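Data from upload.cif: mmCIF, C-alpha atoms
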```
data_work
loop_
_atom_site.label_atom_id
_atom_site.label_comp_id
_atom_site.auth_asym_id
_atom_site.auth_seq_id
_atom_site.Cartn_x
_atom_site.Cartn_y
_atom_site.Cartn_z
CA MET E 5 -260.05 -159.99 81.93
CA GLU E 6 -260.91 -163.55 82.92
CA ASN E 7 -258.72 -165.28 80.38
CA TYR E 8 -255.19 -164.06 79.77
CA PHE E 9 -255.04 -166.13 76.60
CA ASN E 10 -257.43 -163.69 74.92
CA TYR E 11 -254.44 -161.31 74.66
CA PHE E 12 -254.50 -160.82 70.88
CA THR E 13 -258.26 -160.49 70.55
CA GLU E 14 -258.45 -157.96 73.38
CA ILE E 15 -255.79 -155.76 71.77
CA GLU E 16 -257.40 -156.01 68.34
CA GLU E 17 -260.81 -155.00 69.71
CA HIS E 18 -259.39 -152.09 71.73
CA PHE E 19 -257.44 -150.75 68.75
CA GLN E 20 -260.47 -150.99 66.47
CA LYS E 21 -262.65 -149.27 69.08
CA ARG E 22 -260.28 -146.32 69.35
CA ARG E 23 -259.89 -146.06 65.59
CA GLY E 24 -263.64 -146.13 65.12
CA ASN E 25 -263.91 -148.84 62.48
CA LEU E 26 -263.17 -152.51 61.92
CA ILE E 27 -259.81 -152.18 60.21
CA ILE E 28 -258.17 -155.50 59.34
CA LEU E 29 -254.88 -155.84 61.20
CA SER E 30 -251.83 -156.60 59.06
CA PRO E 31 -249.28 -159.42 59.52
CA LEU E 32 -247.01 -156.75 60.99
CA ASP E 33 -249.64 -155.88 63.62
CA TRP E 34 -250.01 -159.50 64.66
CA ALA E 35 -246.24 -159.95 64.77
CA LEU E 36 -245.96 -156.88 66.99
CA MET E 37 -248.56 -158.28 69.38
CA GLU E 38 -246.48 -161.45 69.60
CA VAL E 39 -243.43 -159.39 70.51
CA TRP E 40 -245.40 -157.67 73.28
CA LYS E 41 -246.78 -160.97 74.51
CA ASP E 42 -243.34 -162.60 74.56
CA ALA E 43 -241.94 -159.58 76.42
CA GLY E 44 -244.61 -159.99 79.10
CA ILE E 45 -246.20 -156.61 78.46
CA PRO E 46 -249.60 -156.63 80.23
CA LEU E 47 -252.79 -155.71 78.46
CA GLU E 48 -253.19 -152.64 80.65
CA ALA E 49 -249.96 -151.22 79.26
CA VAL E 50 -251.04 -151.94 75.68
CA TYR E 51 -254.41 -150.29 76.27
CA ARG E 52 -252.74 -147.22 77.77
CA GLY E 53 -250.27 -147.00 74.91
CA ILE E 54 -253.02 -147.19 72.31
CA ASP E 55 -255.14 -144.62 74.17
CA VAL E 56 -252.27 -142.15 74.58
CA THR E 57 -251.39 -142.47 70.88
CA PHE E 58 -254.95 -141.77 69.76
CA ASP E 59 -255.42 -139.00 72.34
CA LYS E 60 -252.35 -137.19 71.00
CA TRP E 61 -253.51 -137.68 67.42
CA GLU E 62 -256.98 -136.34 68.21
CA ARG E 63 -255.50 -133.18 69.73
CA ARG E 64 -253.67 -132.32 66.55
CA ARG E 65 -255.02 -129.51 64.45
CA ARG E 66 -253.87 -131.17 61.26
CA ARG E 67 -254.50 -134.91 61.05
CA THR E 68 -252.72 -135.61 57.80
CA ARG E 69 -251.89 -139.20 58.62
CA LYS E 70 -254.23 -141.74 60.18
CA ILE E 71 -253.18 -144.34 62.74
CA ASN E 72 -253.47 -147.38 60.50
CA GLY E 73 -251.50 -149.90 62.53
CA LEU E 74 -250.26 -150.85 65.98
CA GLY E 75 -246.74 -149.82 65.02
CA PHE E 76 -247.76 -146.20 65.52
CA CYS E 77 -248.55 -147.07 69.15
CA ALA E 78 -245.32 -148.96 69.86
CA GLN E 79 -243.45 -146.19 71.66
CA GLU E 80 -246.36 -145.36 73.94
CA VAL E 81 -247.00 -149.03 74.71
CA LEU E 82 -243.40 -149.50 75.82
CA ALA E 83 -243.50 -146.28 77.85
CA SER E 84 -246.71 -147.41 79.56
CA ALA E 85 -245.16 -150.80 80.32
CA GLU E 86 -242.22 -149.09 82.03
CA GLU E 87 -244.57 -146.86 84.02
CA LEU E 88 -246.57 -149.85 85.25
CA LYS E 89 -243.37 -151.70 86.09
CA ASP E 90 -242.07 -148.78 88.14
CA ALA E 91 -245.42 -148.31 89.88
CA ALA E 92 -245.90 -151.93 90.90
CA VAL E 93 -242.99 -154.28 90.31
CA GLY E 94 -244.26 -157.84 90.06
CA ALA E 95 -247.93 -156.84 90.14
CA HIS E 96 -248.65 -158.48 86.77
CA THR E 97 -248.81 -162.25 87.04
CA PRO E 98 -250.25 -164.05 83.98
CA LYS E 99 -250.65 -167.21 86.05
CA LYS E 100 -253.45 -165.63 88.08
CA GLN E 101 -255.28 -164.73 84.93
CA CYS E 102 -255.48 -168.28 83.59
CA GLY E 103 -258.03 -169.51 86.07
CA GLY E 104 -261.01 -168.88 83.80
CA LEU E 105 -259.74 -171.04 80.97
CA ASP E 106 -262.34 -173.61 79.91
CA LEU E 107 -260.81 -177.07 79.44
CA ALA E 108 -263.41 -178.11 76.88
CA THR E 109 -262.48 -175.09 74.78
CA VAL E 110 -258.79 -175.95 75.10
CA THR E 111 -259.44 -179.55 74.03
CA ALA E 112 -261.43 -178.42 70.98
CA PHE E 113 -258.66 -175.97 70.09
CA LEU E 114 -256.01 -178.71 70.25
CA ARG E 115 -258.03 -181.11 68.11
CA GLN E 116 -258.89 -178.44 65.55
CA ASN E 117 -255.22 -177.57 65.16
CA ALA E 118 -254.35 -181.26 64.85
CA GLU E 119 -256.85 -181.61 61.99
CA GLU E 120 -255.51 -178.52 60.21
CA LEU E 121 -251.93 -179.74 60.57
CA ALA E 122 -252.86 -183.13 59.15
CA GLN E 123 -254.35 -181.43 56.08
CA ALA E 124 -251.52 -178.95 55.49
CA GLU E 125 -249.47 -179.43 52.32
CA LEU E 126 -245.85 -179.22 53.43
CA PRO E 127 -242.40 -180.15 52.16
CA GLU E 128 -241.45 -183.65 53.30
CA ALA E 129 -239.06 -182.53 56.05
CA ALA E 130 -241.68 -180.21 57.51
CA ALA E 131 -244.44 -182.79 56.96
CA ALA E 132 -242.60 -185.27 59.19
CA VAL E 133 -242.45 -182.71 61.98
CA ALA E 134 -246.12 -181.87 61.41
CA ARG E 135 -247.10 -185.52 61.80
CA GLU E 136 -245.25 -185.66 65.11
CA ALA E 137 -246.92 -182.42 66.19
CA THR E 138 -250.35 -183.77 65.24
CA ALA E 139 -249.82 -186.81 67.44
CA THR E 140 -248.67 -184.59 70.31
CA LEU E 141 -251.78 -182.40 70.04
CA HIS E 142 -254.06 -185.43 70.14
CA ASP E 143 -252.17 -186.82 73.15
CA LEU E 144 -252.55 -183.54 75.00
CA ALA E 145 -256.26 -183.37 74.18
CA ASN E 146 -256.77 -186.97 75.31
CA GLY E 147 -254.98 -186.23 78.56
CA ILE E 148 -257.25 -183.31 79.32
CA GLU E 149 -260.37 -185.33 78.50
CA HIS E 150 -259.24 -188.08 80.88
CA GLY E 151 -258.70 -185.69 83.76
CA ALA E 152 -254.94 -185.31 83.41
CA ALA E 153 -254.89 -181.64 82.42
CA PRO E 154 -251.47 -180.05 83.01
CA PRO E 155 -251.19 -176.50 84.36
CA MET E 156 -251.99 -174.11 81.53
CA GLU E 157 -248.53 -172.56 81.75
CA ASP E 158 -246.96 -176.00 81.17
CA LEU E 159 -249.34 -176.72 78.32
CA GLU E 160 -248.44 -173.39 76.71
CA ARG E 161 -244.73 -174.26 76.98
CA ARG E 162 -245.35 -177.62 75.29
CA LEU E 163 -247.23 -175.94 72.47
CA THR E 164 -244.47 -173.35 72.08
CA VAL E 165 -241.86 -176.11 71.70
CA VAL E 166 -243.97 -177.89 69.09
CA GLU E 167 -244.54 -174.68 67.12
CA GLU E 168 -240.86 -173.74 67.23
CA LYS E 169 -239.95 -177.13 65.76
CA LEU E 170 -242.50 -176.61 62.98
CA ILE E 171 -241.14 -173.16 62.17
CA ALA E 172 -237.56 -174.41 62.12
CA ALA E 173 -238.54 -177.19 59.70
CA LEU E 174 -240.37 -174.71 57.45
CA LEU E 175 -237.40 -172.34 57.41
CA ALA E 176 -235.04 -175.18 56.52
CA SER E 177 -237.24 -176.50 53.70
CA THR E 178 -238.35 -173.19 52.15
CA PRO E 179 -236.47 -172.29 48.92
CA ASP E 180 -234.06 -169.37 49.20
CA ASP E 181 -236.01 -167.29 46.68
CA ASP E 182 -239.20 -167.63 48.71
CA LEU E 183 -237.44 -166.67 51.92
CA PHE E 184 -235.85 -163.70 50.20
CA ARG E 185 -239.28 -162.52 49.05
CA VAL E 186 -240.78 -162.81 52.54
CA ARG E 187 -237.83 -161.03 54.17
CA SER E 188 -238.01 -158.25 51.59
CA GLU E 189 -241.70 -157.87 52.31
CA ALA E 190 -240.93 -157.64 56.03
CA ASP E 191 -238.27 -154.97 55.42
CA ARG E 192 -240.72 -152.93 53.36
CA ASP E 193 -243.56 -153.12 55.88
CA LEU E 194 -241.28 -152.38 58.82
CA ALA E 195 -239.68 -149.32 57.23
CA PRO E 196 -242.17 -146.73 58.60
CA TYR E 197 -241.65 -147.96 62.17
CA ARG E 198 -237.86 -148.18 62.39
CA SER E 199 -237.56 -144.74 63.94
CA LYS E 200 -240.12 -145.64 66.61
CA MET E 201 -238.41 -148.79 67.94
CA THR E 202 -235.01 -149.93 69.10
CA ALA E 203 -232.83 -152.17 66.94
CA PRO E 204 -233.50 -155.29 69.09
CA GLN E 205 -237.24 -154.63 68.87
CA ILE E 206 -237.07 -154.28 65.10
CA ASP E 207 -235.05 -157.51 64.82
CA GLN E 208 -237.56 -159.40 66.94
CA LEU E 209 -240.49 -157.99 65.00
CA HIS E 210 -238.82 -158.90 61.70
CA LYS E 211 -238.34 -162.47 62.92
CA GLN E 212 -241.95 -162.78 64.08
CA TYR E 213 -243.21 -161.31 60.82
CA VAL E 214 -241.28 -163.81 58.67
CA GLN E 215 -242.40 -166.74 60.80
CA LYS E 216 -246.03 -165.67 60.65
CA ARG E 217 -245.94 -165.30 56.87
CA LEU E 218 -244.42 -168.76 56.41
CA LEU E 219 -247.05 -170.36 58.61
CA GLU E 220 -249.81 -168.56 56.73
CA GLN E 221 -248.45 -169.55 53.32
CA HIS E 222 -248.43 -173.22 54.30
CA ARG E 223 -251.75 -172.94 56.19
CA VAL E 224 -250.16 -174.12 59.40
CA PRO E 225 -252.26 -173.07 62.43
CA ARG E 226 -250.86 -171.16 65.38
CA LEU E 227 -250.67 -173.54 68.31
CA SER E 228 -250.34 -171.13 71.22
CA LEU E 229 -253.33 -170.81 73.55
CA PHE E 230 -253.16 -167.08 72.88
CA TYR E 231 -254.74 -167.83 69.48
CA MET E 232 -257.85 -169.53 70.86
#
```

Step by step, read the file and then write its structure as structure tokens.
Amino acid sequence: MENYFNYFTEIEEHFQKRRGNLIILSPLDWALMEVWKDAGIPLEAVYRGIDVTFDKWERRRRRTRKINGLGFCAQEVLASAEELKDAAVGAHTPKKQCGGLDLATVTAFLRQNAEELAQAELPEAAAAVAREATATLHDLANGIEHGAAPPMEDLERRLTVVEEKLIAALLASTPDDDLFRVRSEADRDLAPYRSKMTAPQIDQLHKQYVQKRLLEQHRVPRLSLFYM
């Protein structure tokens, strides 16, 4: 893969290919991909985990339950990640996979997100943070256009900081009843997968799920380069 920041799209396409149709991934699926990305799980491990899950399912005589989400593949993905780690410690280096990133595409991505942030309807506390974030995105885009592009890893860290501030502001300004509803929704959607993951994994997935839903509800774009 030339561009490591295609992480989410690559996983989505591989899962759909193995399932045999263009199923729409759920917020839980996207949150799970974020957990894998944050944990540094390479695409090869995710591919293997998905393939092993479907291979086992296809060998069953009775296929009473379809694989409708990435959560069904979670155990095999983690097992594959451990196998790759044992086979070649340190072999996976995301930095080497960033070389194919097109700066014009990055600049357009930053400006598009700045425009969407400027148009988002947010509570005042979150709106103030969004205005600051919009200015930061434009500054970063201007820097790239004028030949002062930072290393992509540093740019990704900047974007992560900006997004974390936005999420914190949204959490602080969202009414308790709305947060309760989103958390209840997360608990319900996570229920089928609790036996397949460890408690820390479930907690992280729950957190990512809630954050994703809040951003979607307020139409706040994802700023990470992984969403290009």

On this structure, which residues satisfy the PyMOL selection byres ((chain E and resi 80) around 8), written as a PDB file with C-alpha atoms, in the coordinates of the input?
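Contents of selection28.pdb, as written:
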```pdb
ATOM      1  CA  ARG E  52    -252.740-147.220  77.770  1.00  0.00           C
ATOM      2  CA  GLY E  53    -250.270-147.000  74.910  1.00  0.00           C
ATOM      3  CA  ILE E  54    -253.020-147.190  72.310  1.00  0.00           C
ATOM      4  CA  VAL E  56    -252.270-142.150  74.580  1.00  0.00           C
ATOM      5  CA  THR E  57    -251.390-142.470  70.880  1.00  0.00           C
ATOM      6  CA  CYS E  77    -248.550-147.070  69.150  1.00  0.00           C
ATOM      7  CA  ALA E  78    -245.320-148.960  69.860  1.00  0.00           C
ATOM      8  CA  GLN E  79    -243.450-146.190  71.660  1.00  0.00           C
ATOM      9  CA  VAL E  81    -247.000-149.030  74.710  1.00  0.00           C
ATOM     10  CA  LEU E  82    -243.400-149.500  75.820  1.00  0.00           C
ATOM     11  CA  ALA E  83    -243.500-146.280  77.850  1.00  0.00           C
ATOM     12  CA  SER E  84    -246.710-147.410  79.560  1.00  0.00           C
TER      13      SER E  84
END
```

For this session: I would like the residues chosen by the PyMOL selection byres ((chain E and resi 190-197) around 8) on the shown file; could you give them as a list in words?
Result: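 Checked against the file, the PyMOL selection byres ((chain E and resi 190-197) around 8) matches Leu32, Gly75, Phe76, Val186, Arg187, Ser188, Glu189, Arg198, Ser199, Lys200, Met201, Ile206, His210, Tyr213 and Val214 of chain E.
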
Write out as a list in words each polymer residue whose atoms come within 12 Å of Leu126 (chain E), counting all atoms listed in the file; drop sequence neighbours fewer than 2 positions from it.
Glu120, Leu121, Ala122, Gln123, Ala124, Glu128, Ala129, Ala130, Ala131, Ala132, Val133, Ala134, Arg135, Leu170, Ile171, Ala173, Leu174, Leu175, Ala176, Ser177, Thr178, Leu218, Leu219, Glu220, Gln221, His222, Arg223 and Val224 of chain E

Put those residues in a file: C-alpha atoms, as an mmCIF file, keeping the file's coordinate frame.
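File again26.cif, as written:
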```cif
data_model
loop_
_atom_site.group_PDB
_atom_site.id
_atom_site.type_symbol
_atom_site.label_atom_id
_atom_site.label_comp_id
_atom_site.auth_asym_id
_atom_site.auth_seq_id
_atom_site.Cartn_x
_atom_site.Cartn_y
_atom_site.Cartn_z
ATOM 1 C CA GLU E 120 -255.510 -178.520 60.210
ATOM 2 C CA LEU E 121 -251.930 -179.740 60.570
ATOM 3 C CA ALA E 122 -252.860 -183.130 59.150
ATOM 4 C CA GLN E 123 -254.350 -181.430 56.080
ATOM 5 C CA ALA E 124 -251.520 -178.950 55.490
ATOM 6 C CA GLU E 128 -241.450 -183.650 53.300
ATOM 7 C CA ALA E 129 -239.060 -182.530 56.050
ATOM 8 C CA ALA E 130 -241.680 -180.210 57.510
ATOM 9 C CA ALA E 131 -244.440 -182.790 56.960
ATOM 10 C CA ALA E 132 -242.600 -185.270 59.190
ATOM 11 C CA VAL E 133 -242.450 -182.710 61.980
ATOM 12 C CA ALA E 134 -246.120 -181.870 61.410
ATOM 13 C CA ARG E 135 -247.100 -185.520 61.800
ATOM 14 C CA LEU E 170 -242.500 -176.610 62.980
ATOM 15 C CA ILE E 171 -241.140 -173.160 62.170
ATOM 16 C CA ALA E 173 -238.540 -177.190 59.700
ATOM 17 C CA LEU E 174 -240.370 -174.710 57.450
ATOM 18 C CA LEU E 175 -237.400 -172.340 57.410
ATOM 19 C CA ALA E 176 -235.040 -175.180 56.520
ATOM 20 C CA SER E 177 -237.240 -176.500 53.700
ATOM 21 C CA THR E 178 -238.350 -173.190 52.150
ATOM 22 C CA LEU E 218 -244.420 -168.760 56.410
ATOM 23 C CA LEU E 219 -247.050 -170.360 58.610
ATOM 24 C CA GLU E 220 -249.810 -168.560 56.730
ATOM 25 C CA GLN E 221 -248.450 -169.550 53.320
ATOM 26 C CA HIS E 222 -248.430 -173.220 54.300
ATOM 27 C CA ARG E 223 -251.750 -172.940 56.190
ATOM 28 C CA VAL E 224 -250.160 -174.120 59.400
#
```

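Distance check against Ala118 (chain E) using all atoms listed in the file: of E:Asp106, E:Ala137, E:Ala85, E:Asp33, the minimum falls on E:Ala137.
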
### Message
So, with all atoms listed in the file as the atoms that count, which of E:Leu227, E:Ala112, E:Ile15, E:Ala49 lies closest to Leu74 (chain E)?
### Response
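When distances to Leu74 (chain E) are compared using all atoms listed in the file, the smallest one comes from E:Ile15.
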
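You can rank E:Leu144, E:Leu159, E:Tyr51, E:Ala35 by their closest distance to Gln212 (chain E) using only C-alpha atoms, and at the top of that list sits E:Ala35.
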
**Item:** Point (-257.3, -177.3, 80.4), cut-off 10 Å, counting all atoms listed in the file, residues as a VMD selection string
**Value:** chain E and resid 102 to 111 144 to 145 147 to 149 151 to 156 159

Interatomic distance (Å, one decimal) between CA of His142 (chain E) and CA of Glu14 (chain E):
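Spanning CA of His142 (chain E) to CA of Glu14 (chain E) is a straight-line distance of 28.0 Å.
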
Can you give me, as an mmCIF file with C-alpha atoms, in the coordinates of the input, the residues this file yields under the PyMOL selection byres ((chain E and resi 166) around 10)?
```cif
data_model
loop_
_atom_site.group_PDB
_atom_site.id
_atom_site.type_symbol
_atom_site.label_atom_id
_atom_site.label_comp_id
_atom_site.auth_asym_id
_atom_site.auth_seq_id
_atom_site.Cartn_x
_atom_site.Cartn_y
_atom_site.Cartn_z
ATOM 1 C CA VAL E 133 -242.450 -182.710 61.980
ATOM 2 C CA ALA E 134 -246.120 -181.870 61.410
ATOM 3 C CA GLU E 136 -245.250 -185.660 65.110
ATOM 4 C CA ALA E 137 -246.920 -182.420 66.190
ATOM 5 C CA THR E 138 -250.350 -183.770 65.240
ATOM 6 C CA THR E 140 -248.670 -184.590 70.310
ATOM 7 C CA LEU E 141 -251.780 -182.400 70.040
ATOM 8 C CA GLU E 160 -248.440 -173.390 76.710
ATOM 9 C CA ARG E 161 -244.730 -174.260 76.980
ATOM 10 C CA ARG E 162 -245.350 -177.620 75.290
ATOM 11 C CA LEU E 163 -247.230 -175.940 72.470
ATOM 12 C CA THR E 164 -244.470 -173.350 72.080
ATOM 13 C CA VAL E 165 -241.860 -176.110 71.700
ATOM 14 C CA GLU E 167 -244.540 -174.680 67.120
ATOM 15 C CA GLU E 168 -240.860 -173.740 67.230
ATOM 16 C CA LYS E 169 -239.950 -177.130 65.760
ATOM 17 C CA LEU E 170 -242.500 -176.610 62.980
ATOM 18 C CA ILE E 171 -241.140 -173.160 62.170
ATOM 19 C CA LEU E 227 -250.670 -173.540 68.310
ATOM 20 C CA SER E 228 -250.340 -171.130 71.220
#
```

Original post:
Which is closest to Gly44 (chain E) among E:Tyr11, E:Phe113, E:Trp61, E:Phe19, if we use all atoms listed in the file?
Top reply: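 Looking only at the distances to Gly44 (chain E), the closest residue turns out to be E:Tyr11.
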
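Reported to one decimal place, the separation of CA of Leu36 (chain E) from CA of Leu209 (chain E) is 5.9 Å.
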